[in-house]
Every structure is written in C-alpha cells, then in structure tokens.
$ cat target-v4.cif   # mmCIF, C-alpha atoms
data_run
loop_
_atom_site.label_atom_id
_atom_site.label_comp_id
_atom_site.auth_asym_id
_atom_site.auth_seq_id
_atom_site.Cartn_x
_atom_site.Cartn_y
_atom_site.Cartn_z
CA MET A 1 0.00 0.00 0.00
CA ARG A 2 2.86 2.33 0.90
CA ASN A 3 4.60 1.62 -2.43
CA LYS A 4 1.39 2.39 -4.24
CA ASN A 5 1.04 5.74 -2.43
CA ASN A 6 4.69 6.57 -3.21
CA LYS A 7 4.11 5.93 -6.91
CA ARG A 8 1.06 8.22 -6.88
CA PHE A 9 3.05 10.92 -5.09
CA ILE A 10 5.92 10.67 -7.62
CA ALA A 11 3.49 10.82 -10.55
CA LEU A 12 1.75 13.87 -9.08
CA ALA A 13 5.07 15.61 -8.42
CA LEU A 14 6.20 14.90 -11.97
CA PHE A 15 2.94 16.28 -13.36
CA VAL A 16 3.23 19.47 -11.28
CA THR A 17 6.86 19.90 -12.39
CA LEU A 18 5.85 19.58 -16.06
CA VAL A 19 3.06 22.12 -15.61
CA ILE A 20 5.48 24.60 -14.00
CA VAL A 21 8.04 24.13 -16.79
CA PHE A 22 5.32 24.63 -19.41
CA ILE A 23 4.14 27.88 -17.75
CA ILE A 24 7.72 29.20 -17.54
CA ILE A 25 8.37 28.46 -21.24
CA LYS A 26 5.05 30.02 -22.25
CA ASN A 27 5.74 33.17 -20.22
CA ARG A 28 9.20 33.52 -21.77
CA SER A 29 7.66 33.12 -25.22
CA ALA A 30 5.08 35.78 -24.46
CA LYS A 31 7.80 38.16 -23.29
CA ASP A 32 9.75 37.55 -26.48
CA GLU A 33 6.71 38.62 -28.49
CA PHE A 34 6.89 42.12 -27.00
CA VAL A 35 9.52 43.49 -29.38
CA THR A 36 10.13 47.22 -29.52
CA SER A 37 11.18 48.41 -32.95
CA GLU A 38 12.83 51.64 -34.03
CA VAL A 39 12.53 52.71 -37.65
CA LYS A 40 13.73 55.91 -39.24
CA ALA A 41 11.09 57.76 -41.22
CA SER A 42 12.13 57.75 -44.86
CA LEU A 43 11.45 59.50 -48.14
CA ALA A 44 9.91 57.11 -50.64
CA ASP A 45 7.07 56.63 -53.13
CA ILE A 46 3.69 55.28 -52.07
CA GLN A 47 0.65 54.31 -54.07
CA ILE A 48 -2.84 52.82 -53.79
CA SER A 49 -3.88 50.43 -56.53
CA VAL A 50 -6.83 48.31 -57.59
CA SER A 51 -6.04 44.84 -58.92
CA THR A 52 -8.00 42.40 -61.04
CA THR A 53 -7.62 39.90 -63.87
CA GLY A 54 -8.21 40.23 -67.58
CA VAL A 55 -7.67 38.80 -71.05
CA VAL A 56 -5.69 40.16 -73.98
CA GLU A 57 -7.96 40.78 -76.97
CA PRO A 58 -8.37 43.14 -79.92
CA GLN A 59 -10.04 46.40 -78.99
CA ASN A 60 -11.70 46.30 -82.41
CA ARG A 61 -11.79 42.91 -84.13
CA LEU A 62 -12.57 43.01 -87.83
CA GLU A 63 -13.37 39.88 -89.86
CA MET A 64 -12.54 40.29 -93.52
CA LYS A 65 -15.13 38.41 -95.60
CA PRO A 66 -15.05 38.13 -99.40
CA PRO A 67 -17.48 40.25 -101.41
CA ILE A 68 -18.27 37.27 -103.66
CA ASP A 69 -18.45 33.49 -103.56
CA GLY A 70 -15.48 31.84 -105.15
CA ARG A 71 -11.92 30.62 -104.68
CA ILE A 72 -8.90 32.14 -102.98
CA GLU A 73 -6.08 32.48 -105.51
CA GLU A 74 -3.39 34.17 -103.40
CA ILE A 75 -2.90 35.33 -99.78
CA LEU A 76 -0.42 38.21 -99.50
CA VAL A 77 -0.08 38.53 -95.71
CA ARG A 78 0.80 36.36 -92.70
CA GLU A 79 -0.36 36.35 -89.08
CA GLY A 80 1.34 39.06 -87.05
CA GLU A 81 1.97 41.26 -90.09
CA LYS A 82 1.14 44.97 -89.94
CA VAL A 83 -1.12 46.23 -92.72
CA LYS A 84 -2.22 49.65 -93.95
CA ARG A 85 -5.61 50.90 -94.97
CA GLY A 86 -6.13 50.26 -98.70
CA GLN A 87 -3.54 47.47 -98.84
CA ILE A 88 -4.46 44.39 -100.88
CA LEU A 89 -4.48 41.36 -98.59
CA ALA A 90 -5.60 38.62 -100.98
CA TRP A 91 -6.79 37.87 -104.51
CA MET A 92 -9.78 35.68 -105.27
CA SER A 93 -11.75 34.45 -108.25
CA SER A 94 -15.49 34.38 -108.47
CA THR A 95 -17.09 30.97 -108.96
CA GLU A 96 -17.51 31.72 -112.69
CA ARG A 97 -13.89 32.93 -113.14
CA ALA A 98 -12.52 29.92 -111.28
CA ALA A 99 -14.49 27.58 -113.61
CA LEU A 100 -13.20 29.38 -116.74
CA LEU A 101 -9.58 29.23 -115.56
CA ASP A 102 -9.86 25.53 -114.73
CA ALA A 103 -11.29 24.82 -118.21
CA ALA A 104 -8.54 26.89 -119.87
CA ARG A 105 -5.82 24.89 -118.08
CA ALA A 106 -7.03 21.81 -119.93
CA HIS A 107 -6.08 23.51 -123.20
CA SER A 108 -2.98 25.72 -122.85
CA GLU A 109 -1.19 28.31 -120.73
CA LYS A 110 -1.92 30.85 -123.47
CA LYS A 111 -5.65 30.38 -122.94
CA VAL A 112 -5.20 30.67 -119.16
CA LYS A 113 -3.29 33.94 -119.65
CA TYR A 114 -6.07 35.21 -121.92
CA TRP A 115 -8.82 34.63 -119.34
CA GLU A 116 -6.67 36.03 -116.49
CA ASP A 117 -6.33 39.28 -118.47
CA VAL A 118 -9.92 39.42 -119.61
CA TYR A 119 -11.52 38.36 -116.33
CA LYS A 120 -9.62 40.09 -113.52
CA ALA A 121 -9.32 38.64 -110.02
CA THR A 122 -11.11 40.38 -107.16
CA PRO A 123 -8.90 42.00 -104.51
CA LEU A 124 -9.56 41.80 -100.76
CA ILE A 125 -8.59 45.24 -99.42
CA SER A 126 -7.89 46.24 -95.81
CA PRO A 127 -10.26 48.97 -94.57
CA ILE A 128 -8.06 49.89 -91.57
CA ASP A 129 -4.51 50.15 -90.33
CA GLY A 130 -3.98 47.13 -88.13
CA GLU A 131 -2.42 43.73 -87.62
CA VAL A 132 -3.32 40.32 -89.01
CA ILE A 133 -4.24 38.11 -86.04
CA VAL A 134 -5.96 35.24 -87.87
CA ARG A 135 -5.48 33.80 -91.38
CA GLU A 136 -8.42 31.50 -91.90
CA VAL A 137 -7.88 30.11 -95.42
CA GLU A 138 -5.17 29.04 -97.86
CA PRO A 139 -4.86 29.53 -101.65
CA GLY A 140 -7.09 27.17 -103.63
CA GLN A 141 -9.76 27.02 -100.97
CA THR A 142 -13.34 27.75 -102.04
CA LEU A 143 -15.63 29.75 -99.81
CA THR A 144 -18.78 31.82 -99.64
CA SER A 145 -19.22 35.48 -98.77
CA SER A 146 -20.09 34.46 -95.19
CA ASN A 147 -16.68 32.84 -94.55
CA PRO A 148 -13.98 35.02 -92.95
CA VAL A 149 -10.69 35.05 -94.83
CA ILE A 150 -8.53 37.21 -92.53
CA VAL A 151 -9.14 38.74 -89.10
CA LEU A 152 -7.62 42.15 -88.37
CA SER A 153 -7.06 43.94 -85.07
CA ASP A 154 -6.50 47.67 -84.81
CA ARG A 155 -4.63 47.18 -81.51
CA LEU A 156 -4.40 44.68 -78.67
CA ILE A 157 -5.67 45.67 -75.25
CA VAL A 158 -6.34 43.92 -71.96
CA SER A 159 -10.03 43.63 -71.22
CA ALA A 160 -10.15 43.73 -67.40
CA GLN A 161 -13.20 43.06 -65.23
CA PHE A 162 -13.77 45.28 -62.20
CA ASP A 163 -16.38 44.72 -59.53
CA GLU A 164 -18.99 47.46 -59.19
CA THR A 165 -17.63 48.25 -55.71
CA ASP A 166 -14.27 49.21 -57.28
CA ILE A 167 -15.37 50.87 -60.51
CA SER A 168 -15.69 54.29 -58.83
CA ARG A 169 -11.92 54.15 -58.24
CA ILE A 170 -11.13 53.68 -61.95
CA LYS A 171 -10.73 56.71 -64.25
CA VAL A 172 -9.74 57.03 -67.90
CA GLY A 173 -6.08 58.03 -68.15
CA GLN A 174 -4.91 56.32 -64.95
CA LYS A 175 -1.59 54.51 -65.11
CA ALA A 176 -1.77 50.72 -65.03
CA PHE A 177 0.57 47.76 -65.04
CA ILE A 178 -0.04 44.48 -66.88
CA THR A 179 1.54 41.13 -66.00
CA LEU A 180 0.92 38.16 -68.27
CA ASP A 181 0.64 34.63 -66.90
CA ALA A 182 2.84 33.51 -69.79
CA TYR A 183 5.56 36.07 -68.91
CA PRO A 184 5.25 36.65 -65.14
CA GLY A 185 8.63 38.37 -64.84
CA ILE A 186 7.78 41.18 -67.27
CA LYS A 187 5.67 44.18 -66.24
CA ILE A 188 4.03 46.13 -69.07
CA GLU A 189 3.06 49.74 -68.46
CA GLY A 190 -0.37 50.72 -69.70
CA VAL A 191 -3.18 53.23 -69.31
CA VAL A 192 -6.93 53.02 -68.70
CA ASP A 193 -8.37 53.68 -72.17
CA HIS A 194 -12.09 52.98 -71.84
CA ILE A 195 -14.66 52.09 -69.16
CA ALA A 196 -17.81 50.28 -70.25
CA TYR A 197 -21.08 52.14 -69.76
CA GLU A 198 -23.07 48.93 -69.39
CA SER A 199 -22.48 46.31 -66.72
CA GLU A 200 -22.47 42.54 -67.01
CA MET A 201 -23.50 39.83 -64.55
CA VAL A 202 -20.73 37.27 -64.00
CA ASN A 203 -21.27 34.56 -61.35
CA ASN A 204 -23.96 36.71 -59.70
CA VAL A 205 -21.54 39.65 -59.47
CA ILE A 206 -22.00 42.92 -61.35
CA ILE A 207 -18.84 43.81 -63.23
CA TYR A 208 -17.67 46.46 -65.70
CA ASN A 209 -15.21 45.81 -68.52
CA VAL A 210 -12.29 48.22 -68.63
CA ASP A 211 -9.87 48.48 -71.57
CA ILE A 212 -6.21 48.72 -70.52
CA LEU A 213 -4.04 49.90 -73.41
CA PRO A 214 -0.31 49.02 -73.33
CA ARG A 215 1.84 52.11 -73.95
CA GLU A 216 4.11 49.94 -76.09
CA THR A 217 2.87 46.62 -77.44
CA PRO A 218 5.53 43.92 -76.96
CA GLU A 219 6.21 41.44 -79.74
CA PHE A 220 5.13 38.48 -77.58
CA LEU A 221 1.65 39.87 -76.79
CA ARG A 222 -1.03 37.55 -78.19
CA SER A 223 -4.82 37.64 -78.20
CA GLY A 224 -6.29 35.30 -75.58
CA MET A 225 -3.45 35.58 -73.05
CA SER A 226 -4.46 35.74 -69.36
CA ALA A 227 -3.30 38.85 -67.53
CA ASN A 228 -3.20 40.44 -64.11
CA VAL A 229 -3.92 44.17 -64.02
CA GLN A 230 -2.96 46.76 -61.41
CA VAL A 231 -4.50 50.22 -61.83
CA ILE A 232 -2.83 53.00 -59.85
CA GLU A 233 -5.59 54.93 -58.11
CA LYS A 234 -3.41 57.43 -56.26
CA ALA A 235 0.34 57.88 -55.95
CA ARG A 236 2.82 60.15 -54.17
CA GLU A 237 6.53 60.43 -54.89
CA GLY A 238 9.28 61.35 -52.44
CA VAL A 239 7.08 61.63 -49.34
CA VAL A 240 7.75 60.75 -45.69
CA ILE A 241 6.52 57.23 -44.96
CA ILE A 242 6.44 55.09 -41.80
CA PRO A 243 5.18 51.56 -40.98
CA LEU A 244 1.44 51.28 -40.33
CA GLU A 245 2.25 49.56 -37.03
CA ALA A 246 3.76 52.79 -35.71
CA ILE A 247 0.43 54.65 -35.95
CA TYR A 248 -2.21 54.66 -33.24
CA THR A 249 -5.33 56.70 -32.49
CA GLU A 250 -6.38 58.39 -29.31
CA GLY A 251 -9.34 60.69 -28.83
CA GLY A 252 -10.06 60.78 -32.53
CA LYS A 253 -6.54 61.96 -33.38
CA THR A 254 -3.58 60.11 -34.88
CA PHE A 255 -0.25 59.79 -33.06
CA VAL A 256 3.16 58.13 -33.17
CA LYS A 257 5.98 57.71 -30.69
CA ALA A 258 9.01 59.44 -32.18
CA LYS A 259 12.42 60.79 -31.25
CA LYS A 260 14.92 63.08 -32.97
CA GLY A 261 17.98 60.86 -32.54
CA PRO A 262 19.11 57.39 -31.42
CA ARG A 263 19.82 58.53 -27.86
CA ALA A 264 16.83 60.84 -27.46
CA ALA A 265 13.77 59.81 -25.49
CA PRO A 266 10.64 59.04 -27.54
CA GLU A 267 7.81 61.54 -27.35
CA LYS A 268 4.20 61.50 -28.38
CA ARG A 269 3.63 63.26 -31.72
CA GLU A 270 0.38 64.09 -33.43
CA VAL A 271 0.61 63.41 -37.17
CA VAL A 272 -1.55 63.87 -40.25
CA ILE A 273 -1.68 60.75 -42.41
CA GLY A 274 -2.21 60.68 -46.18
CA LEU A 275 -2.09 57.63 -48.41
CA ARG A 276 -1.82 54.15 -46.95
CA ASP A 277 -0.83 50.94 -48.68
CA GLU A 278 -0.66 47.47 -47.12
CA LYS A 279 2.45 48.21 -45.03
CA HIS A 280 3.19 51.93 -44.97
CA ALA A 281 1.53 55.29 -44.54
CA GLU A 282 2.36 58.74 -45.85
CA VAL A 283 2.96 61.38 -43.14
CA ILE A 284 1.78 64.78 -44.32
CA SER A 285 2.79 66.64 -41.15
CA GLY A 286 4.20 65.94 -37.71
CA LEU A 287 7.36 64.06 -38.76
CA THR A 288 10.41 64.59 -40.92
CA ALA A 289 12.67 62.10 -42.66
CA LYS A 290 15.22 62.61 -39.84
CA ASP A 291 12.89 61.39 -37.08
CA ILE A 292 12.85 57.87 -35.64
CA VAL A 293 9.55 56.21 -34.79
CA VAL A 294 9.29 53.73 -31.92
CA PHE A 295 6.61 51.04 -31.86
CA ARG A 296 5.81 47.46 -31.02
CA GLY A 297 6.78 45.09 -33.83
CA GLN A 298 4.68 42.46 -35.59
CA ASN A 299 5.15 40.02 -32.73
CA TYR A 300 3.49 42.37 -30.26
CA ILE A 301 0.29 40.99 -28.67
CA PRO A 302 -1.82 43.87 -27.33
CA GLN A 303 -3.10 43.56 -23.77
CA LYS A 304 -6.75 44.31 -23.06
CA LYS A 305 -7.30 47.19 -20.66
CA LYS A 306 -10.45 48.45 -19.00
CA THR A 307 -9.73 52.11 -19.74
CA GLY A 308 -7.39 54.10 -21.94
CA THR A 309 -5.78 53.34 -25.30
CA ASN A 310 -2.56 51.46 -25.77
CA PRO A 311 -0.18 53.90 -27.56
CA PHE A 312 1.52 50.97 -29.30
CA MET A 313 -1.64 49.53 -30.85
CA PRO A 314 -1.37 49.57 -34.67
CA PHE A 315 -3.79 51.84 -36.50
CA ARG A 316 -6.43 49.85 -38.41
CA GLY A 317 -8.51 52.57 -40.04
CA ARG A 318 -9.67 52.45 -43.65
CA ARG A 319 -7.40 53.66 -46.40
CA LYS A 320 -8.03 57.09 -47.75
#
$ encode --input "target-v4.cif" --output "structure tokens"
Amino acid sequence: MRNKNNKRFIALALFVTLVIVFIIIKNRSAKDEFVTSEVKASLADIQISVSTTGVVEPQNRLEMKPPIDGRIEEILVREGEKVKRGQILAWMSSTERAALLDAARAHSEKKVKYWEDVYKATPLISPIDGEVIVREVEPGQTLTSSNPVIVLSDRLIVSAQFDETDISRIKVGQKAFITLDAYPGIKIEGVVDHIAYESEMVNNVIIYNVDILPRETPEFLRSGMSANVQVIEKAREGVVIIPLEAIYTEGGKTFVKAKKGPRAAPEKREVVIGLRDEKHAEVISGLTAKDIVVFRGQNYIPQKKKTGTNPFMPFRGRRK
C-alpha cells in the first residue's frame, strides 16, 4: 500500500513539475513577443492600386469576308503582319472565273493567260490600319461570302473586369501595369483607355469591362493571353513614410511615438496621415525624414485594458 502511495506521489510531483516548466516556457515566449522596434522615417514613393484579372484581346476585331463566292487564288499577308488601310491582302476568283480558268488549263497556258487578263481577279482590301491576327484560309480554298478570310485587329488591349464596388476608383487616363501569366517576370506599363457604360452579370456579381491599353505593345503579346492588371488609383513620390504599425489613435486623433535621434527619449507626436498601402503610410505633417519612430513590432500581442488606449496599438482605419 505504501509503495502504491509513493508511486502516486511521484506521478503527481512529476505532473506538477511539467506544468510549472510549461508555464515558464510560455511566459518567456510571451515576453519575447513584445519586441520594440525603431525605424527611421524615410522619403519614398507610395501608391494605392486596384487589382483584377483580364484577357488580352483586340479592342476592335474586324473579320474580312469576301465580297463574292469563289476561290482564294493568293494570300499576300501572314499572321502578325502589320497592314495599312487600302492594302491588298488577298486575290480571289469568283465561282464563274474559277471555272473558266480551270477549263482553260485543260487547253494551254496561253488560254489561261487570256482569261486572267480578260476576267480580272477580285482583290480583298484592308479597310483599316492594323495587324493580321488570324489567317483562316489558304490559296485554292473555295468559300462563300459568309466565310472570314482574314481577321484584323486595330490594336491589342487587356479587357479587365472590375467589380462594381471598385469601378468608382477607376478613371480614364490612370496609369496601369499588366503582368501576363505567360511572362510573369515582365511588367508592361499601360493606361486606362475605356470604361464600359453597361455592366455585365458574371457569377452573380455585377462587373464592368475596362480596356487597358499598353503604352508599347511587346512582340510576344497575343490575343487570348491571361493577364493580371494593377491600376494605380493614387500615388505620391518622395514623401515621408512610416510603418502602419507605428500609428495609433487616441481621442479621434492620430499619433506616433518618435524621437529626434538614437539617444533621445521618444515623445508623443500628433501626425496627419495621407495615403496608406498594405504596409506603410504617408505622413503629411508631424514628422520629418530625420525622425525615428518607436513602436511594437509584428510580434506584439496587445493587452486588453479596461480604460485608456494602448499607444503601441497599430492603427487599423480604412485607407483614404
């Protein structure tokens, strides 16, 4: 019986010891999470953007269809080739001309030459300056006037879809950046060229199509490519910025803890905040690029208090 009691006592003591060790380790971990950081305010650029996805496509897609039924005799352009308005893209024979030429070939080349001079081929002429993006047929192929021969594009754009909650932030002329899934390491600068006046319903969400025009169209850009679009809503260059974590509110005002030098004591400073991105905020007044802000780092776990505001609590207001 005594041995049994001893075993229970040893087990209980061991359990208590483990609990104490666990509490000590946990308390040390919690203390480690309270990290005070010092960061010098700096001059940098800051911007707010709206991101979405889109597809590369012609802004104006023109299908060239023959004016008559017949046979294609010659195609003069290839896909990717630039063409001018009034340029002849192909030659074709009407059904009657094609039959006459085929009959003449059974006799002699002289007779073929005669009918080629007497019965001229019909040209297919480009109505716009653009680029050939599709070549549908080859010489010798017969077709009707409803069959497209060549598809032209005046210029390639990215058709991006923006939710109705974001469309108020998009304006014609805003700078944008395009990243293609096929070339993720290349960023193409563009501009908002057009915003649709009519919405569409996609997966029960109201969206608006926005045309993003590349400032320079790269050679590798192809219709149908998937793209990611970032439209710059607002931007500031060379402004004082600080981490969002350094900002806190108190009594409806915005403050930071700052000091003028490494050895100076931090003081409470009221600041006016401008643009905010995901990590930083623009300081319009209250700080200079020479000041150092003091704050609790990312590992800081705020303690709940009955009254008052923790000056090290990160500001979580909405972006302006």
$ resolve_selection --input "target-v4.cif" --expression "the PyMOL selection byres ((chain A and resi 142) around 7)" --output "list of chain:residue names"
A:Gly70, A:Arg71, A:Ile72, A:Gly140, A:Gln141, A:Leu143
$ write_last_selection --input "target-v4.cif" --atoms "C-alpha atoms" --output "CSV table (one decimal), in the frame of the given file"
chain,number,residue,atom,x,y,z
A,70,GLY,CA,-15.5,31.8,-105.2
A,71,ARG,CA,-11.9,30.6,-104.7
A,72,ILE,CA,-8.9,32.1,-103.0
A,140,GLY,CA,-7.1,27.2,-103.6
A,141,GLN,CA,-9.8,27.0,-101.0
A,143,LEU,CA,-15.6,29.8,-99.8
$ resolve_selection --input "target-v4.cif" --expression "the PyMOL selection byres ((chain A and resi 166-172) around 9)" --output "VMD selection string"
chain A and resid 50 162 to 165 173 to 175 191 to 195 207 to 208 210 231 to 233
$ resolve_selection --input "target-v4.cif" --expression "the PyMOL selection byres ((chain A and resi 264-276) around 10)" --output "PyMOL selection string"
chain A and resi 46-48+234-236+239-244+247-250+253-263+277-287+292-295+311+317-320
$ write_last_selection --input "target-v4.cif" --atoms "C-alpha atoms" --output "CSV table (one decimal), keeping the file's coordinate frame"
chain,number,residue,atom,x,y,z
A,46,ILE,CA,3.7,55.3,-52.1
A,47,GLN,CA,0.6,54.3,-54.1
A,48,ILE,CA,-2.8,52.8,-53.8
A,234,LYS,CA,-3.4,57.4,-56.3
A,235,ALA,CA,0.3,57.9,-56.0
A,236,ARG,CA,2.8,60.2,-54.2
A,239,VAL,CA,7.1,61.6,-49.3
A,240,VAL,CA,7.8,60.8,-45.7
A,241,ILE,CA,6.5,57.2,-45.0
A,242,ILE,CA,6.4,55.1,-41.8
A,243,PRO,CA,5.2,51.6,-41.0
A,244,LEU,CA,1.4,51.3,-40.3
A,247,ILE,CA,0.4,54.6,-36.0
A,248,TYR,CA,-2.2,54.7,-33.2
A,249,THR,CA,-5.3,56.7,-32.5
A,250,GLU,CA,-6.4,58.4,-29.3
A,253,LYS,CA,-6.5,62.0,-33.4
A,254,THR,CA,-3.6,60.1,-34.9
A,255,PHE,CA,-0.2,59.8,-33.1
A,256,VAL,CA,3.2,58.1,-33.2
A,257,LYS,CA,6.0,57.7,-30.7
A,258,ALA,CA,9.0,59.4,-32.2
A,259,LYS,CA,12.4,60.8,-31.2
A,260,LYS,CA,14.9,63.1,-33.0
A,261,GLY,CA,18.0,60.9,-32.5
A,262,PRO,CA,19.1,57.4,-31.4
A,263,ARG,CA,19.8,58.5,-27.9
A,277,ASP,CA,-0.8,50.9,-48.7
A,278,GLU,CA,-0.7,47.5,-47.1
A,279,LYS,CA,2.4,48.2,-45.0
A,280,HIS,CA,3.2,51.9,-45.0
A,281,ALA,CA,1.5,55.3,-44.5
A,282,GLU,CA,2.4,58.7,-45.8
A,283,VAL,CA,3.0,61.4,-43.1
A,284,ILE,CA,1.8,64.8,-44.3
A,285,SER,CA,2.8,66.6,-41.2
A,286,GLY,CA,4.2,65.9,-37.7
A,287,LEU,CA,7.4,64.1,-38.8
A,292,ILE,CA,12.8,57.9,-35.6
A,293,VAL,CA,9.6,56.2,-34.8
A,294,VAL,CA,9.3,53.7,-31.9
A,295,PHE,CA,6.6,51.0,-31.9
A,311,PRO,CA,-0.2,53.9,-27.6
A,317,GLY,CA,-8.5,52.6,-40.0
A,318,ARG,CA,-9.7,52.4,-43.6
A,319,ARG,CA,-7.4,53.7,-46.4
A,320,LYS,CA,-8.0,57.1,-47.8
$ closest_residue --input "target-v4.cif" --among "A:Val229, A:Ile206, A:Leu124, A:Ala90" --to "A:Ala176" --atoms "all atoms listed in the file"
A:Val229
$ atom_distance --input "target-v4.cif" --atom1 "atom CA of A:Thr179" --atom2 "atom CA of A:Asn209"
17.6 Å
$ decode --input "target-v4.cif" --residues "stretch 56-100 of chain A" --atoms "C-alpha atoms" --output "PDB file, in the first residue's frame"
ATOM      1  CA  VAL A  56      -5.686  40.156 -73.979  1.00  0.00           C
ATOM      2  CA  GLU A  57      -7.955  40.783 -76.967  1.00  0.00           C
ATOM      3  CA  PRO A  58      -8.366  43.144 -79.922  1.00  0.00           C
ATOM      4  CA  GLN A  59     -10.041  46.396 -78.993  1.00  0.00           C
ATOM      5  CA  ASN A  60     -11.703  46.304 -82.408  1.00  0.00           C
ATOM      6  CA  ARG A  61     -11.786  42.905 -84.131  1.00  0.00           C
ATOM      7  CA  LEU A  62     -12.575  43.005 -87.835  1.00  0.00           C
ATOM      8  CA  GLU A  63     -13.371  39.875 -89.858  1.00  0.00           C
ATOM      9  CA  MET A  64     -12.543  40.293 -93.523  1.00  0.00           C
ATOM     10  CA  LYS A  65     -15.131  38.412 -95.600  1.00  0.00           C
ATOM     11  CA  PRO A  66     -15.048  38.132 -99.402  1.00  0.00           C
ATOM     12  CA  PRO A  67     -17.485  40.254-101.413  1.00  0.00           C
ATOM     13  CA  ILE A  68     -18.273  37.274-103.661  1.00  0.00           C
ATOM     14  CA  ASP A  69     -18.453  33.492-103.558  1.00  0.00           C
ATOM     15  CA  GLY A  70     -15.478  31.836-105.150  1.00  0.00           C
ATOM     16  CA  ARG A  71     -11.919  30.619-104.682  1.00  0.00           C
ATOM     17  CA  ILE A  72      -8.896  32.144-102.980  1.00  0.00           C
ATOM     18  CA  GLU A  73      -6.076  32.482-105.513  1.00  0.00           C
ATOM     19  CA  GLU A  74      -3.391  34.170-103.401  1.00  0.00           C
ATOM     20  CA  ILE A  75      -2.898  35.330 -99.777  1.00  0.00           C
ATOM     21  CA  LEU A  76      -0.417  38.212 -99.504  1.00  0.00           C
ATOM     22  CA  VAL A  77      -0.079  38.527 -95.709  1.00  0.00           C
ATOM     23  CA  ARG A  78       0.799  36.360 -92.703  1.00  0.00           C
ATOM     24  CA  GLU A  79      -0.356  36.351 -89.083  1.00  0.00           C
ATOM     25  CA  GLY A  80       1.340  39.059 -87.046  1.00  0.00           C
ATOM     26  CA  GLU A  81       1.971  41.263 -90.087  1.00  0.00           C
ATOM     27  CA  LYS A  82       1.136  44.967 -89.941  1.00  0.00           C
ATOM     28  CA  VAL A  83      -1.117  46.233 -92.719  1.00  0.00           C
ATOM     29  CA  LYS A  84      -2.217  49.655 -93.952  1.00  0.00           C
ATOM     30  CA  ARG A  85      -5.614  50.898 -94.970  1.00  0.00           C
ATOM     31  CA  GLY A  86      -6.134  50.262 -98.705  1.00  0.00           C
ATOM     32  CA  GLN A  87      -3.543  47.466 -98.836  1.00  0.00           C
ATOM     33  CA  ILE A  88      -4.464  44.386-100.881  1.00  0.00           C
ATOM     34  CA  LEU A  89      -4.476  41.365 -98.589  1.00  0.00           C
ATOM     35  CA  ALA A  90      -5.596  38.619-100.978  1.00  0.00           C
ATOM     36  CA  TRP A  91      -6.787  37.871-104.505  1.00  0.00           C
ATOM     37  CA  MET A  92      -9.782  35.681-105.267  1.00  0.00           C
ATOM     38  CA  SER A  93     -11.745  34.447-108.252  1.00  0.00           C
ATOM     39  CA  SER A  94     -15.493  34.383-108.474  1.00  0.00           C
ATOM     40  CA  THR A  95     -17.086  30.970-108.957  1.00  0.00           C
ATOM     41  CA  GLU A  96     -17.507  31.720-112.690  1.00  0.00           C
ATOM     42  CA  ARG A  97     -13.893  32.932-113.144  1.00  0.00           C
ATOM     43  CA  ALA A  98     -12.520  29.917-111.276  1.00  0.00           C
ATOM     44  CA  ALA A  99     -14.493  27.579-113.612  1.00  0.00           C
ATOM     45  CA  LEU A 100     -13.201  29.385-116.743  1.00  0.00           C
TER      46      LEU A 100
END
